[in-house]
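Peer 1: Mind looking over this structure? Questions follow.
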Amino acid sequence: MKKIGLFYGPLGGSTERVAKKVAAALGNENVDLIPIKESKASDVEKYENVIFGMSTIGKETWDADKPANDWDLFLPELEKIDYSNKVIAMFGLGDQVTYDLHFVDALGLVAEEILPKGAKIVGTVSTDGYDFRESEALYDGKFIGLPVNEDFEPELTDERVNNWVETLKKELK
Ligand SMILES: Cc1cc2nc3c(=O)[nH]c(=O)nc-3n(C[C@H](O)[C@H](O)[C@H](O)COP(=O)(O)O)c2cc1C
C-alpha cells in the first residue's frame with residue numbers, strides 16, 4: 001500500500017484519538033498523521049491515498065462567515081486539490097443521541113465539495129447499527145465515511161475502526 005496522508009482536526013479531542021486508532025490499525029508506518037489546520041492543498045496532493053478526519057459541531061457553526069474550526073479554515077483549499085489519481089476515505093466524529101437530525105453532517109459537507117471535483121471516495125459504511133433520524137452524510141443510502149460516536153458509544157469505536165480499516169486495505173492504492 002502506498003503511504004497514506006491522514007489529515008484531521010480538531011486537535012486534542014475525540015477526532016485526534018480516533019485518527020490515532022485509524023493509523024494504528026493501518027500500521028503506523030503506512031500513515032502520516034497531519035493536522036488539517038496546518039495544511040494546504042499542496043500538502044494533500046503529495047498523497048495518492050488520503051484520509052480526512054473531522055467532527056461535526058453543528059451546521060450553523062459550520063456555515064458561519066467567520067472561520068470557526070480547523071476544517072472551516074481548510075475548506076477553501078478543498079476545491080484547489082487535483083483529485084485525479086487519488087482515493088479519499090473519511091471518518092467523522094458525531095453524536096446521534098443529542099444531534100439525531102444532524103448526525104455527522106460534516107462528512108456530507110466535505111463530500112459535497114469534493115465529489116463534483118471528481119474525487120473518488122472509498123470506505124462508505126452501512127447505516128446498520130446507527131440509530132439516527134437525519135444526516136447529510138448519506139449518499140445512496142450509505143454513510144459516505146465512517147461515523148464514530150465517542151460520546152455515547154465509545155465501546156463500539158475499536159470494532160467500527162477495525163472493520164472499516166479492513167475494507168480500506170482493499171480499496172486504497
Ligand atoms: C456545540 C456542539 C455541537 C455539536 N453538533 C453536532 C452535530 O450537529 N452533529 C453531530 O453528529 N455531532 C455533533 N456534536 C458532537 C461532536 O461531533 C462530538 O462530541 C465529537 O466527538 C467531538 O469531537 P472532537 O472532540 O474532536 O471535537 C456537537 C458537539 C458540540 C460540543
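Convention: chains lettered A, B, ... in C-alpha cells order; per-chain residue numbering from 1; ligands numbered from 1 as shown.
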Could you list, as a ChimeraX atom specification, all protein and nucleic acid residues with an atom at most 10 Å from ligand 1, counting only C-alpha atoms and all ligand atoms?
Peer 2: /A:8-19,53-62,69,92-107,132,134-137,147-152,154
Peer 1: Using backbone DSSP assignments, extract all strand (DSSP E) residues from chain A; output them as an NGL selection string.
Peer 2: :A and (4-8 or 31-35 or 49-55 or 87-93 or 120-122 or 138-139 or 142-143 or 146-148)
Peer 1: Residues within 7 Å of Trp71 of chain A, please, as a PyMOL selection string. Count only C-alpha atoms; anything in the same chain fewer than 2 positions from it doesn't count.
Peer 2: chain A and resi 9+36-37+69+73-75
Peer 1: Could you write out the selected residues, including N, CA and C atoms, as a PDB file, in the first residue's frame?
Peer 2:
```
ATOM      1  N   GLY A   9      -8.689  17.042  12.088  1.00  0.00           N
ATOM      2  CA  GLY A   9      -8.874  18.147  13.023  1.00  0.00           C
ATOM      3  C   GLY A   9     -10.302  18.109  13.524  1.00  0.00           C
ATOM      4  N   ILE A  36      -5.060  19.140   9.983  1.00  0.00           N
ATOM      5  CA  ILE A  36      -5.606  19.818   8.803  1.00  0.00           C
ATOM      6  C   ILE A  36      -5.393  21.324   8.891  1.00  0.00           C
ATOM      7  N   LYS A  37      -5.356  21.845  10.103  1.00  0.00           N
ATOM      8  CA  LYS A  37      -5.261  23.307  10.216  1.00  0.00           C
ATOM      9  C   LYS A  37      -3.897  23.841   9.803  1.00  0.00           C
ATOM     10  N   ASN A  69     -13.505  26.604  13.002  1.00  0.00           N
ATOM     11  CA  ASN A  69     -12.714  25.453  13.424  1.00  0.00           C
ATOM     12  C   ASN A  69     -11.695  25.095  12.345  1.00  0.00           C
ATOM     13  N   LEU A  73     -11.253  26.460   8.241  1.00  0.00           N
ATOM     14  CA  LEU A  73     -10.077  27.131   7.685  1.00  0.00           C
ATOM     15  C   LEU A  73      -9.594  26.425   6.426  1.00  0.00           C
ATOM     16  N   PHE A  74      -9.743  25.101   6.387  1.00  0.00           N
ATOM     17  CA  PHE A  74      -9.217  24.337   5.251  1.00  0.00           C
ATOM     18  C   PHE A  74     -10.190  24.281   4.072  1.00  0.00           C
ATOM     19  N   LEU A  75     -11.485  24.539   4.328  1.00  0.00           N
ATOM     20  CA  LEU A  75     -12.482  24.351   3.257  1.00  0.00           C
ATOM     21  C   LEU A  75     -12.119  24.999   1.921  1.00  0.00           C
TER      22      LEU A  75
END
```
Peer 1: Would you list, as a list in words, the residues of segment 36-104 of chain A that end up in alpha helix (DSSP H) under DSSP run on this structure's backbone?
Peer 2: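 The alpha helix (DSSP H) residues within segment 36-104 of chain A come out as Ala41, Ser42, Asp43, Val44, Lys59, Glu60, Thr61, Trp62, Asp63, Asp70, Trp71, Asp72, Leu73, Phe74, Leu75, Pro76, Glu77 and Leu78 of chain A.
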Peer 1: Write a file of the selected residues as a PDB file, in the first residue's frame, keeping C-alpha atoms.
Peer 2:
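Dumped to result_33.pdb:
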```
ATOM      1  CA  ALA A  41      -3.980  21.788  -0.908  1.00  0.00           C
ATOM      2  CA  SER A  42      -0.377  21.111  -1.951  1.00  0.00           C
ATOM      3  CA  ASP A  43       0.176  19.009   1.195  1.00  0.00           C
ATOM      4  CA  VAL A  44      -2.781  16.782   0.326  1.00  0.00           C
ATOM      5  CA  LYS A  59     -24.285  23.221  10.675  1.00  0.00           C
ATOM      6  CA  GLU A  60     -24.931  26.731  11.925  1.00  0.00           C
ATOM      7  CA  THR A  61     -21.372  26.974  13.188  1.00  0.00           C
ATOM      8  CA  TRP A  62     -20.003  25.307  10.067  1.00  0.00           C
ATOM      9  CA  ASP A  63     -21.789  27.796   7.813  1.00  0.00           C
ATOM     10  CA  ASP A  70      -9.819  23.690  11.757  1.00  0.00           C
ATOM     11  CA  TRP A  71     -11.917  22.405   8.857  1.00  0.00           C
ATOM     12  CA  ASP A  72     -13.561  25.771   8.240  1.00  0.00           C
ATOM     13  CA  LEU A  73     -10.077  27.131   7.685  1.00  0.00           C
ATOM     14  CA  PHE A  74      -9.217  24.337   5.251  1.00  0.00           C
ATOM     15  CA  LEU A  75     -12.482  24.351   3.257  1.00  0.00           C
ATOM     16  CA  PRO A  76     -11.270  26.854   0.609  1.00  0.00           C
ATOM     17  CA  GLU A  77      -8.326  24.535  -0.077  1.00  0.00           C
ATOM     18  CA  LEU A  78     -10.582  21.594  -0.974  1.00  0.00           C
TER      19      LEU A  78
END
```
Peer 1: In Å, how far is it from atom CA of Val125 of chain A to atom CA of Ser39 of chain A?
Peer 2: 26.7 Å
Peer 1: Between atom CA of Glu79 of chain A and atom CA of Lys120 of chain A, what is the distance in Å, rounded to a tenth?
Peer 2: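 Straight-line distance from atom CA of Glu79 of chain A to atom CA of Lys120 of chain A works out to 14.1 Å.
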Peer 1: For each of A:Pro116, A:Gly145, A:Pro35, A:Gly5, take the minimum atom-to-atom distance to Arg160 of chain A, counting only C-alpha atoms, then give the residue where this is smallest.
Peer 2: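 The answer is A:Gly145, which sits nearest to Arg160 of chain A.
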Peer 1: Can you work out which one of A:Tyr47, A:Gly27, A:Thr127, A:Leu33 has the shortest atom-to-atom distance to Asp140 of chain A, counting only C-alpha atoms?
Peer 2: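 Once distances to Asp140 of chain A are computed over only C-alpha atoms, the minimum belongs to A:Thr127.
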